[in-house]
Amino acid sequence: MNGPSLETRGLTVRFGGHVAVDAVSCAFRPGELTAIVGPNGAGKTTYFNLISGQLPATAGQVLLEGRDITRAPVAARTRAGIGRAFQLTSLFPALSVLENVRLVIQARQGRGLRAFPRVSAQRDLIAAAEAVVERVKLTRLAKSPVAALSHGDQRKLEVAMMIALEPKIYMFDEPTAGMSLDEAPVILGLIAEIRADPAATVLLVEHKMDVIRSLADRLIVLHNGALVADGPPAGVMASAIVREAYLGGALEDV
Ligand SMILES: Nc1ncnc2c1ncn2[C@@H]1O[C@H](COP(=O)(O)OP(=O)(O)OP(=O)(O)O)[C@@H](O)[C@H]1O
């Protein structure tokens with residue numbers, strides 16, 4: 001497809017008198033990874049919440065492949081192809097890593113959350129779940145209950161479950177935050193793999209400049225809820241308005 005896979009038009013949310021996301025119009029295309037930066041409180045996570053449906057918009061529209069999904073609930077957006085790294089609350093803590101991934105694949109394939117599908121179908125499901133678990137390097141923990149995982153491994157599982165959904169839009173909100181130096185490359189490698197898929201549209205909220213430089217095709221900047229810069233990362237990082245916003249410490253030069 002040539003048009004945008006995802007678009008927001010005048011997307012706005014107000015909390016009382018505070019405009020957290022202010023008339024953001026932006027189009028995202030398949031095969032493109034867009035990094036989103038801005039100082040703390042700029043509205044990045046709130047923008048994600050409006051796109052994924054966790055938060056209703058005060059004004060404006062969200063379009064997925066040209067279809068208006070502004071009023072659609074979260075589950076319908078997920079089914080339509082909006083993928084957001086799962087929050088831990090949506091995992092089943094007593095079930096294993098593999099079982100959590102299997103349930104996502106099963107739900108995606110439209111079999112619902114039936115615990116006992118046919119034996120052959122179950123074998124296929126398990127093989128598919130094992131492949132996803134392998135991609136995030138969690139095979140050695142496949143049988144561990146989610147509740148027993150370290151923070152970094154739980155974050156890998158969140159990404160695994162998003163991959164298992166096979167979404168059109170991948171949304172990552174600081175995916176390596178709180179991860180150790182040896183864990184982060186697994187997640188960044190996966191994001192690089194996803195970005196290489198010409199059908200995938202990737203949105204990445206990220207503070208680390210080196211990550212943006214190595215992964216982003218495009219950089220947008222939010223400031224006080226408004227979109228203030230948009231373009232190739234090197235040019236945007238060098239622009240005066242962005243340097244000014246960064247004085248607030250929005251980017252970590254690591
Ligand atoms: N549900 C809510 N009710 C009231 N205010 C909110 C709500 N959600 C977000 N805000 C406010 O909206 C603004 C934007 O917050 P948001 O978390 O989107 O910023 P951010 O750019 O993601 O910041 P950070 O980098 O710190 O995560 C903040 O002032 C925040 O306090």
# chains A, B, ... in the order shown; residues from 1 in each chain; ligands from 1
$ residues_around --residues "Thr34 in chain A" --least-positions-apart "2" --cutoff "9 Å" --atoms "only C-alpha atoms" --output "number ranges by chain"
A: 28, 32, 36, 201-205, 212, 215-220
$ write_last_selection --atoms "N, CA and C atoms" --output "PDB file, in the first residue's frame"
ATOM      1  N   PHE A  28       2.109   7.854   9.421  1.00  0.00           N
ATOM      2  CA  PHE A  28       3.194   6.870   9.529  1.00  0.00           C
ATOM      3  C   PHE A  28       3.033   5.834   8.422  1.00  0.00           C
ATOM      4  N   GLU A  32       8.756   2.010   7.857  1.00  0.00           N
ATOM      5  CA  GLU A  32       9.389   3.192   8.459  1.00  0.00           C
ATOM      6  C   GLU A  32       9.378   3.069   9.980  1.00  0.00           C
ATOM      7  N   ILE A  36      10.040   8.899  18.649  1.00  0.00           N
ATOM      8  CA  ILE A  36       9.306  10.030  19.211  1.00  0.00           C
ATOM      9  C   ILE A  36      10.054  10.472  20.465  1.00  0.00           C
ATOM     10  N   THR A 201       5.038  -1.017  10.437  1.00  0.00           N
ATOM     11  CA  THR A 201       5.160   0.395  10.813  1.00  0.00           C
ATOM     12  C   THR A 201       5.570   0.407  12.277  1.00  0.00           C
ATOM     13  N   VAL A 202       6.665   1.097  12.595  1.00  0.00           N
ATOM     14  CA  VAL A 202       7.173   1.044  13.968  1.00  0.00           C
ATOM     15  C   VAL A 202       7.230   2.443  14.571  1.00  0.00           C
ATOM     16  N   LEU A 203       6.657   2.584  15.769  1.00  0.00           N
ATOM     17  CA  LEU A 203       6.731   3.829  16.549  1.00  0.00           C
ATOM     18  C   LEU A 203       7.509   3.520  17.816  1.00  0.00           C
ATOM     19  N   LEU A 204       8.482   4.367  18.112  1.00  0.00           N
ATOM     20  CA  LEU A 204       9.373   4.085  19.229  1.00  0.00           C
ATOM     21  C   LEU A 204       9.585   5.342  20.066  1.00  0.00           C
ATOM     22  N   VAL A 205       9.072   5.340  21.292  1.00  0.00           N
ATOM     23  CA  VAL A 205       9.400   6.423  22.228  1.00  0.00           C
ATOM     24  C   VAL A 205      10.731   6.066  22.863  1.00  0.00           C
ATOM     25  N   ILE A 212      18.347   5.981  18.791  1.00  0.00           N
ATOM     26  CA  ILE A 212      17.633   6.688  17.724  1.00  0.00           C
ATOM     27  C   ILE A 212      18.491   6.734  16.459  1.00  0.00           C
ATOM     28  N   LEU A 215      18.536   3.228  14.808  1.00  0.00           N
ATOM     29  CA  LEU A 215      17.302   2.550  14.384  1.00  0.00           C
ATOM     30  C   LEU A 215      16.308   3.420  13.606  1.00  0.00           C
ATOM     31  N   ALA A 216      16.305   4.729  13.874  1.00  0.00           N
ATOM     32  CA  ALA A 216      15.185   5.535  13.370  1.00  0.00           C
ATOM     33  C   ALA A 216      15.392   6.016  11.941  1.00  0.00           C
ATOM     34  N   ASP A 217      14.320   5.951  11.147  1.00  0.00           N
ATOM     35  CA  ASP A 217      14.321   6.542   9.810  1.00  0.00           C
ATOM     36  C   ASP A 217      13.866   7.995   9.904  1.00  0.00           C
ATOM     37  N   ARG A 218      13.130   8.257  10.979  1.00  0.00           N
ATOM     38  CA  ARG A 218      12.485   9.565  11.101  1.00  0.00           C
ATOM     39  C   ARG A 218      12.362   9.883  12.580  1.00  0.00           C
ATOM     40  N   LEU A 219      12.410  11.169  12.895  1.00  0.00           N
ATOM     41  CA  LEU A 219      12.324  11.589  14.292  1.00  0.00           C
ATOM     42  C   LEU A 219      11.264  12.674  14.409  1.00  0.00           C
ATOM     43  N   ILE A 220      10.323  12.474  15.339  1.00  0.00           N
ATOM     44  CA  ILE A 220       9.378  13.556  15.610  1.00  0.00           C
ATOM     45  C   ILE A 220       9.546  13.993  17.057  1.00  0.00           C
TER      46      ILE A 220
END
$ residues_near_ligand --ligand "ligand 1" --cutoff "9 Å" --atoms "only C-alpha atoms and all ligand atoms" --output "PyMOL selection string"
chain A and resi 13-16+18-21+37-49+55+173-174+205-207+222-225+250
$ select_by_dssp --residues "range 118-241 of chain A" --states "helix (DSSP H, G or I)" --output "PyMOL selection string"
chain A and resi 119-135+139-141+146-148+151-165+184-195+209-215+233-238+240-241
$ closest_residue --among "A:Arg243, A:Lys143, A:Arg77, A:Arg71" --to "Leu98 in chain A" --atoms "only C-alpha atoms"
A:Lys143
$ closest_residue --among "A:Ala35, A:Cys26, A:Met179, A:Ala59" --to "Arg195 in chain A" --atoms "only C-alpha atoms"
A:Ala35
$ select_by_dssp --residues "range 90-211 of chain A" --states "strand (DSSP E)" --output "JSON, numbers by chain"
{"A": [169, 170, 171, 172, 173, 201, 202, 203, 204, 205]}
$ residues_around --residues "Ser144 in chain A" --least-positions-apart "4" --cutoff "10 Å" --atoms "only C-alpha atoms" --output "PyMOL selection string"
chain A and resi 93-99+138-140+148-149
$ atom_distance --atom1 "CA of Leu6 in chain A" --atom2 "CA of Pro73 in chain A"
16.4 Å
$ residues_around --residues "Pro167 in chain A" --least-positions-apart "6" --cutoff "8 Å" --atoms "only C-alpha atoms" --output "PyMOL selection string"
chain A and resi 78+80-83+200
$ atom_distance --atom1 "CA of Ile126 in chain A" --atom2 "CA of Ile163 in chain A"
15.0 Å
$ atom_distance --atom1 "CA of Pro233 in chain A" --atom2 "CA of Arg213 in chain A"
6.8 Å
$ residues_around --residues "Val24 in chain A" --least-positions-apart "3" --cutoff "6 Å" --atoms "only C-alpha atoms" --output "PDB file with N, CA and C atoms, in the first residue's frame"
ATOM      1  N   GLY A  10      -5.233  16.037  13.980  1.00  0.00           N
ATOM      2  CA  GLY A  10      -5.680  16.980  15.021  1.00  0.00           C
ATOM      3  C   GLY A  10      -5.930  16.296  16.353  1.00  0.00           C
ATOM      4  N   LEU A  11      -5.187  15.237  16.625  1.00  0.00           N
ATOM      5  CA  LEU A  11      -5.477  14.422  17.819  1.00  0.00           C
ATOM      6  C   LEU A  11      -5.161  15.215  19.096  1.00  0.00           C
ATOM      7  N   LEU A 227       3.307  18.746  18.235  1.00  0.00           N
ATOM      8  CA  LEU A 227       4.386  18.242  17.371  1.00  0.00           C
ATOM      9  C   LEU A 227       5.190  19.449  16.889  1.00  0.00           C
TER      10      LEU A 227
END
